[in-house]
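This report concerns only the one structure given below.
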Amino acid sequence: MPSYRLCELAQRFELELHGAADTLITGVCTLQPGQPGCLAFLSNPKLRGQLQDSAAAAVIVSSRDAPNLPGPGLVAGDPYLAFARIAGLFDPGRMFAPGIHPSAVIDAAAGLGRGVHVGPNAVIEAGAQIGDDSFIGPGCVIGRDARLGACCRLVAQVHIGARSQIGDRCQFQPGAVIGSRGFGNARGPEGWVEVPQLGRVIIGDDVEIGAGTCVDRGALEDTVIERGVRLDNLIMVAHNCHIGEHTAIAACTGVAGSTRIGARCMIAGAVGIGGHLEIGDDVVILGMAMVTKSLPGKGVYGSGVPIAEARQWRKQVARYRRLEGTEQRLQQIEQRLGMTPPAGRQGDEKGDEQGS
Amino acid sequence: MPSYRLCELAQRFELELHGAADTLITGVCTLQPGQPGCLAFLSNPKLRGQLQDSAAAAVIVSSRDAPNLPGPGLVAGDPYLAFARIAGLFDPGRMFAPGIHPSAVIDAAAGLGRGVHVGPNAVIEAGAQIGDDSFIGPGCVIGRDARLGACCRLVAQVHIGARSQIGDRCQFQPGAVIGSRGFGNARGPEGWVEVPQLGRVIIGDDVEIGAGTCVDRGALEDTVIERGVRLDNLIMVAHNCHIGEHTAIAACTGVAGSTRIGARCMIAGAVGIGGHLEIGDDVVILGMAMVTKSLPGKGVYGSGVPIAEARQWRKQVARYRRLEGTEQRLQQIEQRLGMTPPAGRQGDEKGDEQGS
Amino acid sequence: MPSYRLCELAQRFELELHGAADTLITGVCTLQPGQPGCLAFLSNPKLRGQLQDSAAAAVIVSSRDAPNLPGPGLVAGDPYLAFARIAGLFDPGRMFAPGIHPSAVIDAAAGLGRGVHVGPNAVIEAGAQIGDDSFIGPGCVIGRDARLGACCRLVAQVHIGARSQIGDRCQFQPGAVIGSRGFGNARGPEGWVEVPQLGRVIIGDDVEIGAGTCVDRGALEDTVIERGVRLDNLIMVAHNCHIGEHTAIAACTGVAGSTRIGARCMIAGAVGIGGHLEIGDDVVILGMAMVTKSLPGKGVYGSGVPIAEARQWRKQVARYRRLEGTEQRLQQIEQRLGMTPPAGRQGDEKGDEQGS
């Protein structure tokens with residue numbers, strides 16, 4: 001593992017140095033309990049009390065907390081962001097030696113850039129192009145005519161389907177599948193007929209795709225994931241979707257076909273997003289929400305009824321189901337009292353448009 | 001890429017030809033903007049306006065739209081279905097050369113039909129049988145004594161577990177897992193005891209299984225997926241389930257153990273279906289529905305409360321939770337007015353049967 | 001396949017023998033229709049009627065059902081548990097020959113115990129340690145410095161990430177991913193910055209991980225799964241989670257980061273559990289529940305509104321959405337009648353804390 005003096009880190013990441021400049025940093029740690037020789041950070045004001053007795057060698061803090069530093073430290077505008085950058089120096093996963101393992105199967109008609117690593121039993125098919133300094137881990141499969149940019153990292157057992165286009169500095173966790181067949185089927189007299197999926201998956205620079213996440217290729221046009229997008233594990237992105245730059249989506253969320261999601265959205269886990277919708281820029285969707293309509297504007301959205309003790313839950317469901325009767329009783333009382341229900345609202349049993 | 005004259009396509013797919021018979025078709029495209037040399041289709045009446053200025057060389061239309069064709073075309077009873085079939089001619093994914101890659105590991109006691117392709121680093125274990133003209137992509141594993149029919153396509157990194165039985169013309173996307181261990185565990189005095197899962201997975205002809213989808217093998221009997229079924233990505237089918245022919249299930253849906261689903265059902269994405277249920281034929285289930293009871297008949301079903309702006313959502317949840325109080329207030333008013341609530345409904349707080 | 005006399009099984013598993021001691025058992029079967037030569041079990045009292053005409057050679061029953069045995073049998077305190085143990089004798093999946101396939105790639109700096117099996121095209125990286133009698137199936141990847149205990153079983157195509165620590169007798173189904181990167185990202189001025197995930201995954205003894213299930217490694221501390229835990233397929237366990245011993249989680253459930261789940265919990269399928277929560281011991285959570293708050297105590301919890309016919313569902317949603325109006329009408333009536341709504345409840349439109 002590498003080590004750095006605190007003043008080197010301050011200089012390299014343009015942070016203000018507090019305390020002993022030659023404090024040696026050999027790793028990173030949590031604020032509590034902290035670890036000797038390691039650098040921690042304080043971002044959440046609620047944890048301020050942990051600063052005094054941390055065992056960390058130094059702590060990254062905001063200028064507000066700098067006076068409270070009990071020892072060496074770095075002052076940053078955004079301590080968590082500074083920590084993220086510095087911690088990258090100590091990440092063993094980012095280091096690798098270029099070279100091609102003899103068990104890898106690379107088609108003669110594939111092209112590899114300089115400094116590429118291809119791990120054991122990886123497969124690179126004809127016409128595929130791998131950019132400089134990319135890491136193709138063990139068991140990965142890069143399909144025919146796929147193109148990866150520079151400095152990509154495919155940890156292991158990743159699938160990049162034929163004709164996919166991947167930008168620079170993208171990262172793929174094990175089991176990610178890019179370019180699987182979109183779910184296009186036409187009903188024929190003797191069952192489903194496969195609609196060939198002739199589009200591609202286009203992924204911009206600096207995208208991360210989590211473990212087991214699947215991105216289907218487009219039917220005729222392409223499925224597009226713009227630069228800077230972060231997809232967590234076990235996410236489904238269906239054919240022809242378009243996800244705008246720097247949008248982050250948490251695990252187990254599914255996006256049905258042809259939906260467009262804007263830039264800088266934050267979508268929590270286990271959200272279901274219907275097909276052919278438009279989600280605008282800067283939309284925040286809370287966990288397990290059921291998105292059945294377009295959400296054009298900036299805003300925070302949620303749905304679903306949170307957990308309750310099971311007996312209580314069953315009673316709630318029963319009350320919910322008899323809301324029709326509850327409304328009728330209300331109406332009868334209003335009639336009896338000669339009161340008028342607000343026009344055009346009550347008794348109006350037309351369905352909502354939330355359907356499908 | 002192949003090319004066809006429009007009259008050839010008309011003849012081969014039994015469609016009515018409009019316009020220049022020798023229009024050369026070298027691919028397929030969307031109606032808008034369309035692409036020179038390519039064939040598009042018009043199925044949705046709302047898109048009729050796109051017909052006039054499409055750049056497509058020809059368009060497949062219904063007889064109703066035939067008079068509006070601005071140039072060459074094909075007239076079909078179901079334009080989308082005709083398009084699906086024709087587009088298959090231009091699908092590069094369907095073409096492959098037979099042969100066994102030297103890095104593939106095929107047990108001496110496995111049997112391969114004629115015209116089979118086995119890709120790099122694929123593994124075929126003892127006793128497995130692969131039907132004629134099947135494609136086993138790179139990194140696939142075919143377990144002991146598994147049997148695949150003819151013309152199957154395992155794109156890459158698919159797992160077909162030991163003793164699985166697969167029909168003809170089945171297609172498996174990357175990361176699909178067939179025949180994993182069912183989740184059978186008995187509670188013992190010192191923790192869970194594994195209940196061996198000795199059944200198989202039986203899959204009929206013309207089935208498609210999506211990326212990352214898992215089908216567990218049966219405990220004692222078999223998990224059965226009948227012919228023509230379409231499973232999208234990241235679906236879970238638990239042990240002993242039975243899915244009837246031509247049923248289609250969209251991504252992220254889970255089906256718990258021993259549930260039977262009928263034929264020709266259409267089940268949307270992220271649906272949760274409980275165990276030991278019976279879903280009849282031709283049932284349609286909308287996205288994110290929570291299925292806790294059997295659905296014997298043909299019909300359309302849904303559940304869940306769609307998304308709202310988060311502040312509104314929180315208020316809705318609060319109102320939902322105080323429905324008990326709302327009902328009590330109603331009852332007090334009725335008592336005051338000497339009105340009788342409908343018999344046996346109100347105040348009846350017994351749980352529903354929606355349980356578990 | 002092996003065969004056993006009924007008296008051998010009685011002795012070995014400490015069960016009471018009924019009927020012919022030398023009844024030969026060559027497998028296990030269901031009670032109905034049963035299978036000659038095979039052993040079935042009766043656990044559910046509702047199936048008692050199936051006992052008389054089962055074709056099974058013998059049946060495991062409780063002492064209450066022993067008098068009704070029509071032929072040979074075994075009497076057990078818990079017939080299902082006894083069956084689970086005996087059926088293990090007939091599980092072909094548990095048998096393997098030690099040895100290393102020539103196509104496996106094992107780094108010179110990896111350590112393998114005695115009796116280990118390494119299948120075709122498996123990859124074991126430098127510093128990894130594999131305990132005695134473990135089975136590493138085809139296509140598995142064991143990362144750098146990972147440590148597996150004795151008698152583990154990795155069926156095929158499993159990923160064990162670098163530095164993961166796995167106990168004895170653990171089982172991993174195909175496509176399981178252990179030690180993928182946690183979803184840690186800091187927002188920078190030019191998009192997301194990766195927060196290095198420097199923790200590990202620590203898994204205790206006797207844990208089972210299902211197909212496609214992903215367990216992320218910790219950010220700075222470790223993700224911990226204690227002994228005896230059972231995870232079904234397609235489950236997501238985010239970074240820094242802690243799952244207590246003997247807890248079982250069904251398929252498609254997701255647990256967000258830093259949540260602690262206690263011991264012996266039973267969590268059904270498709271449950272969403274938020275981050276930074278505390279779930280106590282012996283908690284039962286029903287399927288598709290939305291868990292947005294800590295659940296300290298023993299208890300059964302659920303949420304969600306089960307399925308309804310779609311027209312009815314849409315009406316329910318409309319009524320739910322106009323609950324605000326319903327409450328207002330109620331209040332107007334109460335005012336008219338001079339009745340006081342219960343203090344501090346009604347009209348109080350503050351949001352709930354269920355948020356996320």
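Lettering and numbering for the structure tokens are positional, with chains as A, B, ... in the shown order, residues counted from 1 in each chain, and ligands counted from 1 in the shown order.
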Task: All residues 8 Å or closer to Val155 (chain C), only C-alpha atoms, same chain fewer than 2 positions away omitted, as a PyMOL selection string - done: chain C and resi 135-138+153+157-158+171-174
- [ ] Pick out the residues sitting within 8 Å of Ala250 (chain B), and hand them over as an MDAnalysis selection string; count only C-alpha atoms, and ignore anything fewer than 4 positions along from it in its own chain.
- [x] (chainID A and resid 183) or (chainID B and resid 231:233 235 267:270)
Task: Distance filter 7 Å, only C-alpha atoms, chain A against chain C, as a ChimeraX atom specification - done: /A:29-30,80-81,84,87-88,91,120-121,173-175,211-212,228,232,246,252,270,286,288,304-310,313,317,323,349-352
- [ ] Might you pull out every residue within 6 Å of Gly127 (chain A), with only C-alpha atoms counted and same-chain residues fewer than 6 positions away left off, and present them as a PyMOL selection string?
- [x] chain A and resi 109-110+144-145
Task: Shortest interatomic distance to Gly275 (chain B) - which of C:Pro98, C:Gly149, C:Gly167, C:Gly287, counting only C-alpha atoms - done: C:Gly287
Task: Contact residues around Gly49 (chain A) with only C-alpha atoms at 12 Å, ignoring same-chain residues under 2 positions, as a PyMOL selection string - done: chain A and resi 31-32+42-47+51-54+65+68-70
Residue subset to file, keeping N, CA and C atoms, as a PDB file, in the first residue's frame:
```pdb
ATOM      1  N   LEU A  31     -14.481   7.733  11.061  1.00  0.00           N
ATOM      2  CA  LEU A  31     -14.141   8.670  12.126  1.00  0.00           C
ATOM      3  C   LEU A  31     -14.122   7.955  13.481  1.00  0.00           C
ATOM      4  N   GLN A  32     -15.077   7.032  13.684  1.00  0.00           N
ATOM      5  CA  GLN A  32     -15.116   6.241  14.910  1.00  0.00           C
ATOM      6  C   GLN A  32     -15.093   4.760  14.581  1.00  0.00           C
ATOM      7  N   LEU A  42     -15.174  14.176   8.392  1.00  0.00           N
ATOM      8  CA  LEU A  42     -16.378  14.561   9.134  1.00  0.00           C
ATOM      9  C   LEU A  42     -17.235  15.407   8.204  1.00  0.00           C
ATOM     10  N   SER A  43     -18.410  14.886   7.873  1.00  0.00           N
ATOM     11  CA  SER A  43     -19.281  15.599   6.940  1.00  0.00           C
ATOM     12  C   SER A  43     -20.621  15.907   7.605  1.00  0.00           C
ATOM     13  N   ASN A  44     -21.171  14.928   8.288  1.00  0.00           N
ATOM     14  CA  ASN A  44     -22.464  15.051   8.939  1.00  0.00           C
ATOM     15  C   ASN A  44     -22.300  15.767  10.282  1.00  0.00           C
ATOM     16  N   PRO A  45     -22.911  16.950  10.430  1.00  0.00           N
ATOM     17  CA  PRO A  45     -22.749  17.723  11.674  1.00  0.00           C
ATOM     18  C   PRO A  45     -23.132  16.931  12.915  1.00  0.00           C
ATOM     19  N   LYS A  46     -24.030  15.958  12.790  1.00  0.00           N
ATOM     20  CA  LYS A  46     -24.452  15.176  13.951  1.00  0.00           C
ATOM     21  C   LYS A  46     -23.311  14.337  14.526  1.00  0.00           C
ATOM     22  N   LEU A  47     -22.299  14.099  13.710  1.00  0.00           N
ATOM     23  CA  LEU A  47     -21.192  13.252  14.162  1.00  0.00           C
ATOM     24  C   LEU A  47     -20.039  14.078  14.722  1.00  0.00           C
ATOM     25  N   LEU A  51     -15.339  13.691  16.802  1.00  0.00           N
ATOM     26  CA  LEU A  51     -14.054  14.213  16.336  1.00  0.00           C
ATOM     27  C   LEU A  51     -12.969  14.094  17.407  1.00  0.00           C
ATOM     28  N   GLN A  52     -13.358  14.392  18.645  1.00  0.00           N
ATOM     29  CA  GLN A  52     -12.341  14.526  19.700  1.00  0.00           C
ATOM     30  C   GLN A  52     -11.562  13.249  19.986  1.00  0.00           C
ATOM     31  N   ASP A  53     -12.266  12.109  20.050  1.00  0.00           N
ATOM     32  CA  ASP A  53     -11.541  10.909  20.450  1.00  0.00           C
ATOM     33  C   ASP A  53     -11.370   9.899  19.311  1.00  0.00           C
ATOM     34  N   SER A  54     -11.327  10.406  18.085  1.00  0.00           N
ATOM     35  CA  SER A  54     -11.055   9.510  16.959  1.00  0.00           C
ATOM     36  C   SER A  54      -9.593   9.078  16.986  1.00  0.00           C
ATOM     37  N   ASP A  65     -15.775  23.232  11.030  1.00  0.00           N
ATOM     38  CA  ASP A  65     -15.282  22.310  12.049  1.00  0.00           C
ATOM     39  C   ASP A  65     -13.781  22.402  12.269  1.00  0.00           C
ATOM     40  N   ASN A  68     -12.238  22.889  15.682  1.00  0.00           N
ATOM     41  CA  ASN A  68     -12.391  21.796  16.642  1.00  0.00           C
ATOM     42  C   ASN A  68     -11.445  20.632  16.383  1.00  0.00           C
ATOM     43  N   LEU A  69     -10.626  20.736  15.348  1.00  0.00           N
ATOM     44  CA  LEU A  69      -9.708  19.635  15.035  1.00  0.00           C
ATOM     45  C   LEU A  69      -8.783  19.380  16.225  1.00  0.00           C
ATOM     46  N   PRO A  70      -8.771  18.159  16.746  1.00  0.00           N
ATOM     47  CA  PRO A  70      -7.913  17.887  17.905  1.00  0.00           C
ATOM     48  C   PRO A  70      -6.468  17.602  17.494  1.00  0.00           C
TER      49      PRO A  70
END
```
TODO: Could you give me the residues within region 9-173 of chain A that DSSP places in helix (DSSP H, G or I), as a list of chain:residue names?
DONE: A:Leu9, A:Ala10, A:Gln11, A:Arg12, A:Pro45, A:Lys46, A:Leu47, A:Arg48, A:Gly49, A:Gln50, A:Ala66, A:Pro67, A:Asn68, A:Pro79, A:Tyr80, A:Leu81, A:Ala82, A:Phe83, A:Ala84, A:Arg85, A:Ile86, A:Ala87, A:Gly88, A:Leu89, A:Phe90, A:Pro92, A:Gly93, A:Arg94
Just N, CA and C atoms for this one: save the residues we selected as a PDB file, in the first residue's frame.
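So result_36.pdb came out as:
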```pdb
ATOM      1  N   LEU A   9      -0.909  15.480   0.328  1.00  0.00           N
ATOM      2  CA  LEU A   9      -2.338  15.350   0.019  1.00  0.00           C
ATOM      3  C   LEU A   9      -2.985  16.732  -0.080  1.00  0.00           C
ATOM      4  N   ALA A  10      -2.598  17.623   0.847  1.00  0.00           N
ATOM      5  CA  ALA A  10      -3.161  18.981   0.841  1.00  0.00           C
ATOM      6  C   ALA A  10      -2.846  19.662  -0.494  1.00  0.00           C
ATOM      7  N   GLN A  11      -1.607  19.500  -0.927  1.00  0.00           N
ATOM      8  CA  GLN A  11      -1.191  20.147  -2.168  1.00  0.00           C
ATOM      9  C   GLN A  11      -1.897  19.536  -3.382  1.00  0.00           C
ATOM     10  N   ARG A  12      -1.881  18.210  -3.430  1.00  0.00           N
ATOM     11  CA  ARG A  12      -2.425  17.500  -4.586  1.00  0.00           C
ATOM     12  C   ARG A  12      -3.920  17.745  -4.775  1.00  0.00           C
ATOM     13  N   PRO A  45     -22.911  16.950  10.430  1.00  0.00           N
ATOM     14  CA  PRO A  45     -22.749  17.723  11.674  1.00  0.00           C
ATOM     15  C   PRO A  45     -23.132  16.931  12.915  1.00  0.00           C
ATOM     16  N   LYS A  46     -24.030  15.958  12.790  1.00  0.00           N
ATOM     17  CA  LYS A  46     -24.452  15.176  13.951  1.00  0.00           C
ATOM     18  C   LYS A  46     -23.311  14.337  14.526  1.00  0.00           C
ATOM     19  N   LEU A  47     -22.299  14.099  13.710  1.00  0.00           N
ATOM     20  CA  LEU A  47     -21.192  13.252  14.162  1.00  0.00           C
ATOM     21  C   LEU A  47     -20.039  14.078  14.722  1.00  0.00           C
ATOM     22  N   ARG A  48     -20.258  15.382  14.846  1.00  0.00           N
ATOM     23  CA  ARG A  48     -19.191  16.279  15.283  1.00  0.00           C
ATOM     24  C   ARG A  48     -18.554  15.819  16.597  1.00  0.00           C
ATOM     25  N   GLY A  49     -19.384  15.240  17.473  1.00  0.00           N
ATOM     26  CA  GLY A  49     -18.898  14.798  18.772  1.00  0.00           C
ATOM     27  C   GLY A  49     -17.858  13.685  18.667  1.00  0.00           C
ATOM     28  N   GLN A  50     -17.823  13.010  17.512  1.00  0.00           N
ATOM     29  CA  GLN A  50     -16.880  11.902  17.345  1.00  0.00           C
ATOM     30  C   GLN A  50     -15.468  12.391  17.044  1.00  0.00           C
ATOM     31  N   ALA A  66     -13.091  23.185  11.434  1.00  0.00           N
ATOM     32  CA  ALA A  66     -11.632  23.250  11.539  1.00  0.00           C
ATOM     33  C   ALA A  66     -11.151  23.654  12.937  1.00  0.00           C
ATOM     34  N   PRO A  67     -11.818  24.629  13.583  1.00  0.00           N
ATOM     35  CA  PRO A  67     -11.333  25.014  14.921  1.00  0.00           C
ATOM     36  C   PRO A  67     -11.383  23.864  15.920  1.00  0.00           C
ATOM     37  N   ASN A  68     -12.238  22.889  15.682  1.00  0.00           N
ATOM     38  CA  ASN A  68     -12.391  21.796  16.642  1.00  0.00           C
ATOM     39  C   ASN A  68     -11.445  20.632  16.383  1.00  0.00           C
ATOM     40  N   PRO A  79     -16.059  17.980   2.579  1.00  0.00           N
ATOM     41  CA  PRO A  79     -15.166  16.943   3.119  1.00  0.00           C
ATOM     42  C   PRO A  79     -15.398  15.552   2.508  1.00  0.00           C
ATOM     43  N   TYR A  80     -16.652  15.180   2.235  1.00  0.00           N
ATOM     44  CA  TYR A  80     -16.936  13.845   1.710  1.00  0.00           C
ATOM     45  C   TYR A  80     -16.349  13.696   0.303  1.00  0.00           C
ATOM     46  N   LEU A  81     -16.503  14.748  -0.483  1.00  0.00           N
ATOM     47  CA  LEU A  81     -15.965  14.730  -1.845  1.00  0.00           C
ATOM     48  C   LEU A  81     -14.438  14.637  -1.819  1.00  0.00           C
ATOM     49  N   ALA A  82     -13.825  15.415  -0.939  1.00  0.00           N
ATOM     50  CA  ALA A  82     -12.360  15.363  -0.828  1.00  0.00           C
ATOM     51  C   ALA A  82     -11.917  13.973  -0.386  1.00  0.00           C
ATOM     52  N   PHE A  83     -12.658  13.412   0.563  1.00  0.00           N
ATOM     53  CA  PHE A  83     -12.349  12.064   1.030  1.00  0.00           C
ATOM     54  C   PHE A  83     -12.435  11.057  -0.114  1.00  0.00           C
ATOM     55  N   ALA A  84     -13.507  11.164  -0.924  1.00  0.00           N
ATOM     56  CA  ALA A  84     -13.691  10.227  -2.045  1.00  0.00           C
ATOM     57  C   ALA A  84     -12.467  10.253  -2.956  1.00  0.00           C
ATOM     58  N   ARG A  85     -11.997  11.460  -3.242  1.00  0.00           N
ATOM     59  CA  ARG A  85     -10.863  11.583  -4.155  1.00  0.00           C
ATOM     60  C   ARG A  85      -9.585  11.029  -3.533  1.00  0.00           C
ATOM     61  N   ILE A  86      -9.350  11.362  -2.279  1.00  0.00           N
ATOM     62  CA  ILE A  86      -8.116  10.895  -1.629  1.00  0.00           C
ATOM     63  C   ILE A  86      -8.163   9.373  -1.447  1.00  0.00           C
ATOM     64  N   ALA A  87      -9.320   8.852  -1.073  1.00  0.00           N
ATOM     65  CA  ALA A  87      -9.427   7.409  -0.822  1.00  0.00           C
ATOM     66  C   ALA A  87      -9.076   6.603  -2.075  1.00  0.00           C
ATOM     67  N   GLY A  88      -9.314   7.208  -3.233  1.00  0.00           N
ATOM     68  CA  GLY A  88      -8.983   6.513  -4.481  1.00  0.00           C
ATOM     69  C   GLY A  88      -7.509   6.127  -4.559  1.00  0.00           C
ATOM     70  N   LEU A  89      -6.661   6.860  -3.866  1.00  0.00           N
ATOM     71  CA  LEU A  89      -5.226   6.533  -3.857  1.00  0.00           C
ATOM     72  C   LEU A  89      -4.956   5.204  -3.171  1.00  0.00           C
ATOM     73  N   PHE A  90      -5.891   4.801  -2.299  1.00  0.00           N
ATOM     74  CA  PHE A  90      -5.662   3.601  -1.496  1.00  0.00           C
ATOM     75  C   PHE A  90      -6.532   2.425  -1.955  1.00  0.00           C
ATOM     76  N   PRO A  92      -7.097  -0.742  -3.821  1.00  0.00           N
ATOM     77  CA  PRO A  92      -6.302  -1.754  -4.521  1.00  0.00           C
ATOM     78  C   PRO A  92      -6.982  -2.198  -5.827  1.00  0.00           C
ATOM     79  N   GLY A  93      -8.302  -2.024  -5.882  1.00  0.00           N
ATOM     80  CA  GLY A  93      -9.022  -2.471  -7.072  1.00  0.00           C
ATOM     81  C   GLY A  93      -8.675  -1.672  -8.318  1.00  0.00           C
ATOM     82  N   ARG A  94      -8.071  -0.505  -8.142  1.00  0.00           N
ATOM     83  CA  ARG A  94      -7.785   0.305  -9.326  1.00  0.00           C
ATOM     84  C   ARG A  94      -6.414   0.012  -9.932  1.00  0.00           C
TER      85      ARG A  94
END
```
